[in-house]
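Peer 1: What follows is model.txt, compact mmCIF, C-alpha atoms.
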# COMPACT_ATOMS: atom_id res chain seq x y z
CA MET A 1 -42.63 -0.95 -40.21
CA GLY A 2 -43.52 1.28 -43.15
CA PRO A 3 -45.07 0.15 -46.43
CA MET A 4 -43.12 -2.51 -48.32
CA ALA A 5 -40.56 -3.15 -45.62
CA THR A 6 -37.65 -5.47 -46.50
CA HIS A 7 -36.83 -8.32 -44.14
CA VAL A 8 -33.75 -10.55 -44.19
CA ILE A 9 -34.68 -13.90 -42.63
CA THR A 10 -32.62 -16.96 -41.69
CA GLY A 11 -34.37 -20.27 -41.02
CA ALA A 12 -37.33 -19.57 -43.32
CA GLY A 13 -37.36 -23.19 -44.49
CA SER A 14 -39.22 -24.59 -41.49
CA GLY A 15 -40.77 -24.01 -38.07
CA ILE A 16 -40.88 -20.47 -36.68
CA GLY A 17 -38.92 -19.01 -39.62
CA ALA A 18 -41.37 -20.38 -42.17
CA ALA A 19 -44.34 -19.07 -40.16
CA VAL A 20 -42.81 -15.58 -39.93
CA ALA A 21 -41.89 -15.57 -43.64
CA ARG A 22 -45.43 -16.64 -44.62
CA ARG A 23 -47.01 -13.85 -42.58
CA LEU A 24 -44.70 -11.12 -43.91
CA HIS A 25 -45.03 -12.43 -47.48
CA ALA A 26 -48.84 -12.49 -47.20
CA ARG A 27 -48.93 -8.82 -46.26
CA GLY A 28 -46.80 -7.85 -49.24
CA ASP A 29 -43.46 -7.12 -47.59
CA ASP A 30 -40.19 -7.77 -49.42
CA LEU A 31 -38.32 -10.87 -48.27
CA VAL A 32 -34.66 -11.77 -48.58
CA LEU A 33 -34.45 -15.41 -47.51
CA HIS A 34 -31.15 -16.86 -46.43
CA ALA A 35 -30.36 -20.38 -47.65
CA ARG A 36 -27.52 -22.78 -46.97
CA ASP A 37 -26.96 -23.60 -50.65
CA ALA A 38 -28.32 -22.96 -54.15
CA GLY A 39 -30.70 -25.93 -54.04
CA ARG A 40 -32.30 -24.75 -50.83
CA ALA A 41 -32.47 -21.20 -52.22
CA LYS A 42 -34.43 -22.51 -55.21
CA GLU A 43 -36.94 -24.25 -52.92
CA LEU A 44 -37.43 -21.10 -50.84
CA ALA A 45 -37.87 -18.92 -53.93
CA ALA A 46 -40.52 -21.33 -55.23
CA GLY A 47 -42.36 -21.25 -51.88
CA PHE A 48 -42.32 -17.45 -51.65
CA PRO A 49 -42.90 -15.94 -55.12
CA GLY A 50 -41.13 -12.61 -55.51
CA ALA A 51 -38.74 -13.22 -52.61
CA ARG A 52 -35.00 -12.86 -53.11
CA THR A 53 -32.51 -15.34 -51.71
CA LEU A 54 -29.10 -15.03 -50.13
CA VAL A 55 -26.81 -18.07 -50.07
CA GLY A 56 -24.17 -18.80 -47.43
CA ASP A 57 -23.40 -21.55 -44.94
CA LEU A 58 -24.08 -20.44 -41.35
CA ALA A 59 -21.99 -23.39 -40.17
CA ASP A 60 -18.96 -21.70 -41.78
CA PRO A 61 -19.22 -18.03 -40.70
CA ASP A 62 -15.62 -17.31 -41.74
CA ARG A 63 -16.72 -17.66 -45.36
CA LEU A 64 -20.00 -15.72 -45.21
CA SER A 65 -18.30 -12.46 -46.14
CA TRP A 66 -16.76 -14.09 -49.21
CA ALA A 67 -20.11 -15.69 -50.18
CA PHE A 68 -21.97 -12.39 -49.88
CA SER A 69 -19.36 -10.50 -51.90
CA HIS A 70 -20.44 -12.60 -54.91
CA GLN A 71 -24.14 -11.78 -54.56
CA SER A 72 -26.21 -8.62 -54.66
CA LEU A 73 -27.23 -7.61 -51.14
CA PRO A 74 -30.43 -5.62 -50.52
CA ASP A 75 -29.95 -1.84 -50.40
CA ARG A 76 -32.68 -1.50 -47.81
CA VAL A 77 -33.07 -3.67 -44.70
CA ASP A 78 -35.88 -2.85 -42.26
CA SER A 79 -35.44 -5.99 -40.22
CA LEU A 80 -32.93 -8.80 -39.80
CA LEU A 81 -34.55 -11.89 -38.31
CA HIS A 82 -32.19 -14.52 -36.93
CA ILE A 83 -34.35 -17.63 -36.73
CA ALA A 84 -32.09 -20.46 -37.97
CA GLY A 85 -30.59 -22.70 -35.31
CA VAL A 86 -29.16 -26.16 -34.66
CA VAL A 87 -29.24 -28.32 -31.55
CA GLU A 88 -27.07 -31.28 -30.55
CA LEU A 89 -27.80 -32.64 -27.12
CA GLY A 90 -25.11 -34.41 -25.11
CA GLN A 91 -23.43 -34.54 -21.74
CA VAL A 92 -20.36 -32.37 -21.21
CA GLY A 93 -18.47 -35.66 -20.78
CA ASP A 94 -19.43 -36.70 -24.32
CA LEU A 95 -19.68 -33.56 -26.48
CA THR A 96 -16.75 -33.12 -28.86
CA PRO A 97 -15.25 -29.81 -30.05
CA LYS A 98 -16.89 -30.49 -33.43
CA SER A 99 -20.30 -30.40 -31.79
CA TRP A 100 -19.44 -27.27 -29.78
CA HIS A 101 -18.08 -25.48 -32.85
CA HIS A 102 -21.10 -26.39 -34.98
CA GLN A 103 -23.61 -25.01 -32.46
CA MET A 104 -21.53 -21.91 -31.73
CA ASN A 105 -21.05 -21.19 -35.45
CA VAL A 106 -24.69 -21.51 -36.49
CA ASN A 107 -26.37 -20.18 -33.34
CA LEU A 108 -23.99 -17.36 -32.35
CA ILE A 109 -21.10 -16.44 -34.64
CA ALA A 110 -23.10 -16.49 -37.90
CA PRO A 111 -25.80 -14.17 -36.44
CA ALA A 112 -23.03 -11.80 -35.29
CA GLU A 113 -21.46 -11.86 -38.76
CA LEU A 114 -24.80 -11.35 -40.56
CA THR A 115 -25.57 -8.46 -38.23
CA ARG A 116 -22.20 -6.87 -38.96
CA HIS A 117 -22.93 -7.11 -42.69
CA PHE A 118 -26.36 -5.53 -42.55
CA LEU A 119 -25.80 -2.89 -39.87
CA PRO A 120 -25.23 -0.05 -42.36
CA GLN A 121 -28.60 -0.77 -44.00
CA LEU A 122 -30.30 -1.27 -40.63
CA ARG A 123 -28.97 2.06 -39.34
CA ALA A 124 -30.13 3.84 -42.50
CA ALA A 125 -33.65 2.37 -42.15
CA ARG A 126 -33.74 2.68 -38.33
CA GLY A 127 -34.46 -1.02 -38.54
CA HIS A 128 -34.94 -3.92 -36.17
CA VAL A 129 -32.81 -6.96 -35.34
CA ILE A 130 -34.69 -9.90 -33.89
CA PHE A 131 -32.87 -12.85 -32.36
CA VAL A 132 -34.98 -15.96 -31.87
CA ASN A 133 -33.25 -17.34 -28.82
CA SER A 134 -34.59 -20.15 -26.62
CA GLY A 135 -35.58 -20.92 -23.06
CA ALA A 136 -32.08 -22.45 -23.01
CA GLY A 137 -30.69 -18.94 -23.47
CA LEU A 138 -31.90 -18.16 -19.94
CA SER A 139 -31.15 -21.41 -18.10
CA ALA A 140 -29.17 -24.54 -18.92
CA GLY A 141 -30.14 -28.08 -18.01
CA ALA A 142 -28.33 -31.41 -18.11
CA GLY A 143 -27.57 -32.50 -21.67
CA TRP A 144 -28.01 -28.99 -23.04
CA SER A 145 -24.57 -27.43 -22.38
CA GLY A 146 -23.46 -26.76 -25.97
CA TYR A 147 -26.81 -25.47 -27.20
CA ALA A 148 -27.50 -23.41 -24.07
CA ALA A 149 -24.01 -21.91 -24.15
CA SER A 150 -24.54 -20.78 -27.75
CA LYS A 151 -27.93 -19.30 -26.82
CA HIS A 152 -26.62 -17.61 -23.65
CA GLY A 153 -24.01 -16.10 -25.99
CA LEU A 154 -26.76 -14.96 -28.35
CA LYS A 155 -28.45 -13.12 -25.45
CA ALA A 156 -25.14 -11.34 -24.74
CA LEU A 157 -24.79 -10.42 -28.43
CA ALA A 158 -28.32 -8.95 -28.48
CA ASP A 159 -27.87 -7.05 -25.20
CA ALA A 160 -24.58 -5.48 -26.30
CA LEU A 161 -25.91 -4.67 -29.78
CA ARG A 162 -28.99 -2.99 -28.29
CA GLN A 163 -26.82 -0.61 -26.25
CA GLU A 164 -24.40 0.04 -29.11
CA GLU A 165 -27.08 0.82 -31.69
CA HIS A 166 -29.77 2.50 -29.59
CA ALA A 167 -28.59 5.98 -30.61
CA SER A 168 -28.75 4.93 -34.29
CA GLY A 169 -32.43 4.07 -33.85
CA VAL A 170 -31.89 0.33 -34.38
CA ARG A 171 -34.21 -1.75 -32.18
CA VAL A 172 -33.06 -5.14 -30.86
CA THR A 173 -35.37 -7.87 -29.56
CA SER A 174 -34.62 -11.31 -28.15
CA VAL A 175 -37.46 -13.84 -28.21
CA TYR A 176 -37.17 -16.87 -25.93
CA PRO A 177 -39.67 -19.52 -27.06
CA GLY A 178 -40.24 -22.64 -25.04
CA ARG A 179 -40.55 -25.90 -26.92
CA THR A 180 -42.18 -25.28 -30.28
CA ALA A 181 -43.77 -27.84 -32.60
CA SER A 182 -41.14 -27.86 -35.36
CA PRO A 183 -38.70 -30.23 -37.09
CA MET A 184 -36.06 -29.14 -34.56
CA GLN A 185 -38.32 -30.28 -31.71
CA ALA A 186 -38.85 -33.65 -33.39
CA LYS A 187 -35.06 -34.00 -33.55
CA VAL A 188 -34.70 -33.05 -29.86
CA HIS A 189 -37.23 -35.71 -28.87
CA GLN A 190 -35.37 -38.25 -30.98
CA GLN A 191 -32.10 -37.31 -29.22
CA GLU A 192 -33.87 -37.54 -25.85
CA GLY A 193 -35.36 -40.91 -26.80
CA LYS A 194 -38.87 -39.60 -26.19
CA GLU A 195 -42.04 -39.81 -28.27
CA TYR A 196 -42.84 -36.53 -30.04
CA ASP A 197 -46.37 -35.12 -29.76
CA PRO A 198 -46.60 -31.72 -31.52
CA GLU A 199 -49.92 -31.03 -29.78
CA LYS A 200 -48.08 -30.55 -26.48
CA TRP A 201 -45.91 -27.70 -27.68
CA ILE A 202 -46.27 -24.13 -28.96
CA ASP A 203 -47.50 -23.72 -32.53
CA PRO A 204 -44.85 -21.86 -34.57
CA GLU A 205 -47.66 -19.52 -35.70
CA SER A 206 -48.07 -18.31 -32.11
CA VAL A 207 -44.37 -17.47 -31.85
CA ALA A 208 -44.62 -15.72 -35.24
CA THR A 209 -47.46 -13.59 -33.82
CA THR A 210 -45.22 -12.38 -30.98
CA ILE A 211 -42.37 -11.59 -33.41
CA LEU A 212 -44.68 -9.53 -35.64
CA MET A 213 -46.00 -7.73 -32.59
CA ALA A 214 -42.46 -6.63 -31.64
CA LEU A 215 -41.73 -5.69 -35.26
CA ASP A 216 -44.90 -3.64 -35.72
CA LEU A 217 -44.75 -1.68 -32.45
CA PRO A 218 -44.73 2.09 -32.92
CA ARG A 219 -41.32 3.77 -32.70
CA ASP A 220 -41.86 5.02 -29.14
CA ALA A 221 -41.48 1.49 -27.78
CA GLU A 222 -39.02 -1.38 -28.06
CA VAL A 223 -39.48 -4.94 -26.84
CA HIS A 224 -36.17 -6.09 -25.34
CA ASP A 225 -36.91 -9.61 -24.15
CA LEU A 226 -39.93 -11.74 -24.81
CA SER A 227 -40.45 -15.15 -23.17
CA VAL A 228 -43.05 -17.36 -24.84
CA ARG A 229 -43.96 -20.56 -22.95
CA PRO A 230 -46.28 -23.47 -23.83
CA GLY A 231 -49.80 -22.51 -22.78
CA ARG A 232 -51.18 -26.02 -22.37
Could you express the structure from this file as structure tokens?
Peer 2:
Amino acid sequence: MGPMATHVITGAGSGIGAAVARRLHARGDDLVLHARDAGRAKELAAGFPGARTLVGDLADPDRLSWAFSHQSLPDRVDSLLHIAGVVELGQVGDLTPKSWHHQMNVNLIAPAELTRHFLPQLRAARGHVIFVNSGAGLSAGAGWSGYAASKHGLKALADALRQEEHASGVRVTSVYPGRTASPMQAKVHQQEGKEYDPEKWIDPESVATTILMALDLPRDAEVHDLSVRPGR
């Protein structure tokens, strides 16, 4: 990434997204932080002085285009970081279409739609698209069907995009973190009926380090897939 790169980030409000945003902000890069609504955008702007915000509901990807048409989008985009995600555990015998749609919309269709929107800028900058996937994007266990299906889909999106845009100089990376100490993990434990101990899981800062490594690699190399597992 050159001086003063511009990064569009989803999920900057907590966990891995917040860690990545903090690191890029600290080194003086320009941030465009996606937020669900105006209230959330205000909080993000306060937390990251100088950052711009972009409002749109990832749970309603059909309306993202309309939402963005009423806001000024960045002219330059060096990286698009898809870090937002939702998880709803449940057996196939219990999950409703509502639950399937919600996870597919936020975890898969919204990233595809955001990518479509920013591809012209990414091509111009020979930029980088990073998808924060999950271990569940590589294998699915009992209770994880909806989430894992959305993340398997996200892997397919990244793999196809990488081949389509390679000639344009756009790099595409999927990162597959294991369980990470974040609000999402606390929610997963609650859904599993287990006690949550953040000490057992990966620190979001460590995942952020791997994302910045992929982002900062010289142009002669591209990280395709990066699995990050708990080290203790």
Peer 1: Would you work out the distance separating CA of Gly50 (chain A) from CA of Asp203 (chain A), expressed in Å to one decimal?
Peer 2: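 Separation of CA of Gly50 (chain A) and CA of Asp203 (chain A): 26.3 Å.
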Peer 1: Identify the residues around (-24.7, -23.5, -40.8) within a radius of 10 Å, measuring from all atoms listed in the file in the coordinates stated by the file, and give them as a PDB file with C-alpha atoms, in the coordinates of the input.
Peer 2:
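To be explicit, this is the file written out as result-v1.pdb:
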ATOM      1  CA  ALA A  35     -30.360 -20.380 -47.650  1.00  0.00           C
ATOM      2  CA  ARG A  36     -27.520 -22.780 -46.970  1.00  0.00           C
ATOM      3  CA  GLY A  56     -24.170 -18.800 -47.430  1.00  0.00           C
ATOM      4  CA  ASP A  57     -23.400 -21.550 -44.940  1.00  0.00           C
ATOM      5  CA  LEU A  58     -24.080 -20.440 -41.350  1.00  0.00           C
ATOM      6  CA  ALA A  59     -21.990 -23.390 -40.170  1.00  0.00           C
ATOM      7  CA  ASP A  60     -18.960 -21.700 -41.780  1.00  0.00           C
ATOM      8  CA  PRO A  61     -19.220 -18.030 -40.700  1.00  0.00           C
ATOM      9  CA  ALA A  84     -32.090 -20.460 -37.970  1.00  0.00           C
ATOM     10  CA  GLY A  85     -30.590 -22.700 -35.310  1.00  0.00           C
ATOM     11  CA  VAL A  86     -29.160 -26.160 -34.660  1.00  0.00           C
ATOM     12  CA  HIS A 102     -21.100 -26.390 -34.980  1.00  0.00           C
ATOM     13  CA  GLN A 103     -23.610 -25.010 -32.460  1.00  0.00           C
ATOM     14  CA  MET A 104     -21.530 -21.910 -31.730  1.00  0.00           C
ATOM     15  CA  ASN A 105     -21.050 -21.190 -35.450  1.00  0.00           C
ATOM     16  CA  VAL A 106     -24.690 -21.510 -36.490  1.00  0.00           C
ATOM     17  CA  ASN A 107     -26.370 -20.180 -33.340  1.00  0.00           C
ATOM     18  CA  ALA A 110     -23.100 -16.490 -37.900  1.00  0.00           C
TER      19      ALA A 110
END
Peer 1: I'd like to know which of A:Arg219, A:Arg179, A:His70, A:Arg52 is closest to Trp201 (chain A), using only C-alpha atoms.
Peer 2: A:Arg179
Peer 1: Between CA of Pro120 (chain A) and CA of His101 (chain A), what is the distance in Å, rounded to a tenth?
Peer 2: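 Taking CA of Pro120 (chain A) and CA of His101 (chain A), their separation equals 28.1 Å.
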Peer 1: Could you work out how far CA of Tyr176 (chain A) lies from CA of Ser227 (chain A), giving the answer in Å with one decimal?
Peer 2: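 Interatomic distance here is 4.6 Å.
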Peer 1: Excluding same-chain residues fewer than 3 positions from Val32 (chain A), what lies within 9 Å of it counting only C-alpha atoms, as JSON, numbers by chain?
Peer 2: {"A": [6, 7, 8, 9, 10, 51, 52, 53, 54, 73, 74]}
Peer 1: For Ser79 (chain A), which residue among A:Ser206, A:Gln190, A:Thr115, A:Ser65 is the nearest when counting only C-alpha atoms?
Peer 2: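 Ranking A:Ser206, A:Gln190, A:Thr115, A:Ser65 by distance to Ser79 (chain A), first place goes to A:Thr115.
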Peer 1: Given all atoms listed in the file as the basis, pick out the residue of A:Ala148, A:Ala19, A:Leu119, A:Val188 nearest to Arg171 (chain A).
Peer 2: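 Nearest to Arg171 (chain A): A:Leu119.
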Peer 1: Hey, which of A:Leu95, A:Phe48, A:Ala125, A:Trp100 ends up closest to Val20 (chain A)? Count only C-alpha atoms.
Peer 2: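 Selected residue with least distance to Val20 (chain A): A:Phe48.
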Peer 1: With distances taken over all atoms listed in the file, which of A:Asp94, A:Asp78, A:Asp159, A:Glu205 is nearest to Val228 (chain A)?
Peer 2: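 Checking each of A:Asp94, A:Asp78, A:Asp159, A:Glu205 against Val228 (chain A), counting all atoms listed in the file, the winner is A:Glu205.
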Peer 1: From the set A:Ile130, A:Ala167, A:Ala140, A:Met4, which residue has the shortest atom-to-atom contact distance to His82 (chain A), counting all atoms listed in the file?
Peer 2: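 The closest residue to His82 (chain A) is A:Ile130.
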Peer 1: Name all residues at most 12 Å from Val175 (chain A) (count all atoms listed in the file; drop same-chain ones fewer than 2 positions away) and give them as an mmCIF file with C-alpha atoms, keeping the file's coordinate frame.
Peer 2:
data_model
loop_
_atom_site.group_PDB
_atom_site.id
_atom_site.type_symbol
_atom_site.label_atom_id
_atom_site.label_comp_id
_atom_site.auth_asym_id
_atom_site.auth_seq_id
_atom_site.Cartn_x
_atom_site.Cartn_y
_atom_site.Cartn_z
ATOM 1 C CA ILE A 16 -40.880 -20.470 -36.680
ATOM 2 C CA LEU A 81 -34.550 -11.890 -38.310
ATOM 3 C CA HIS A 82 -32.190 -14.520 -36.930
ATOM 4 C CA ILE A 83 -34.350 -17.630 -36.730
ATOM 5 C CA VAL A 129 -32.810 -6.960 -35.340
ATOM 6 C CA ILE A 130 -34.690 -9.900 -33.890
ATOM 7 C CA PHE A 131 -32.870 -12.850 -32.360
ATOM 8 C CA VAL A 132 -34.980 -15.960 -31.870
ATOM 9 C CA ASN A 133 -33.250 -17.340 -28.820
ATOM 10 C CA SER A 134 -34.590 -20.150 -26.620
ATOM 11 C CA GLY A 135 -35.580 -20.920 -23.060
ATOM 12 C CA ALA A 136 -32.080 -22.450 -23.010
ATOM 13 C CA GLY A 137 -30.690 -18.940 -23.470
ATOM 14 C CA LEU A 138 -31.900 -18.160 -19.940
ATOM 15 C CA LYS A 151 -27.930 -19.300 -26.820
ATOM 16 C CA LEU A 154 -26.760 -14.960 -28.350
ATOM 17 C CA LYS A 155 -28.450 -13.120 -25.450
ATOM 18 C CA ALA A 158 -28.320 -8.950 -28.480
ATOM 19 C CA VAL A 172 -33.060 -5.140 -30.860
ATOM 20 C CA THR A 173 -35.370 -7.870 -29.560
ATOM 21 C CA PRO A 177 -39.670 -19.520 -27.060
ATOM 22 C CA GLY A 178 -40.240 -22.640 -25.040
ATOM 23 C CA VAL A 207 -44.370 -17.470 -31.850
ATOM 24 C CA ALA A 208 -44.620 -15.720 -35.240
ATOM 25 C CA THR A 209 -47.460 -13.590 -33.820
ATOM 26 C CA THR A 210 -45.220 -12.380 -30.980
ATOM 27 C CA ILE A 211 -42.370 -11.590 -33.410
ATOM 28 C CA LEU A 212 -44.680 -9.530 -35.640
ATOM 29 C CA MET A 213 -46.000 -7.730 -32.590
ATOM 30 C CA ALA A 214 -42.460 -6.630 -31.640
ATOM 31 C CA LEU A 215 -41.730 -5.690 -35.260
ATOM 32 C CA VAL A 223 -39.480 -4.940 -26.840
ATOM 33 C CA HIS A 224 -36.170 -6.090 -25.340
ATOM 34 C CA ASP A 225 -36.910 -9.610 -24.150
ATOM 35 C CA LEU A 226 -39.930 -11.740 -24.810
ATOM 36 C CA SER A 227 -40.450 -15.150 -23.170
ATOM 37 C CA VAL A 228 -43.050 -17.360 -24.840
ATOM 38 C CA ARG A 229 -43.960 -20.560 -22.950
#
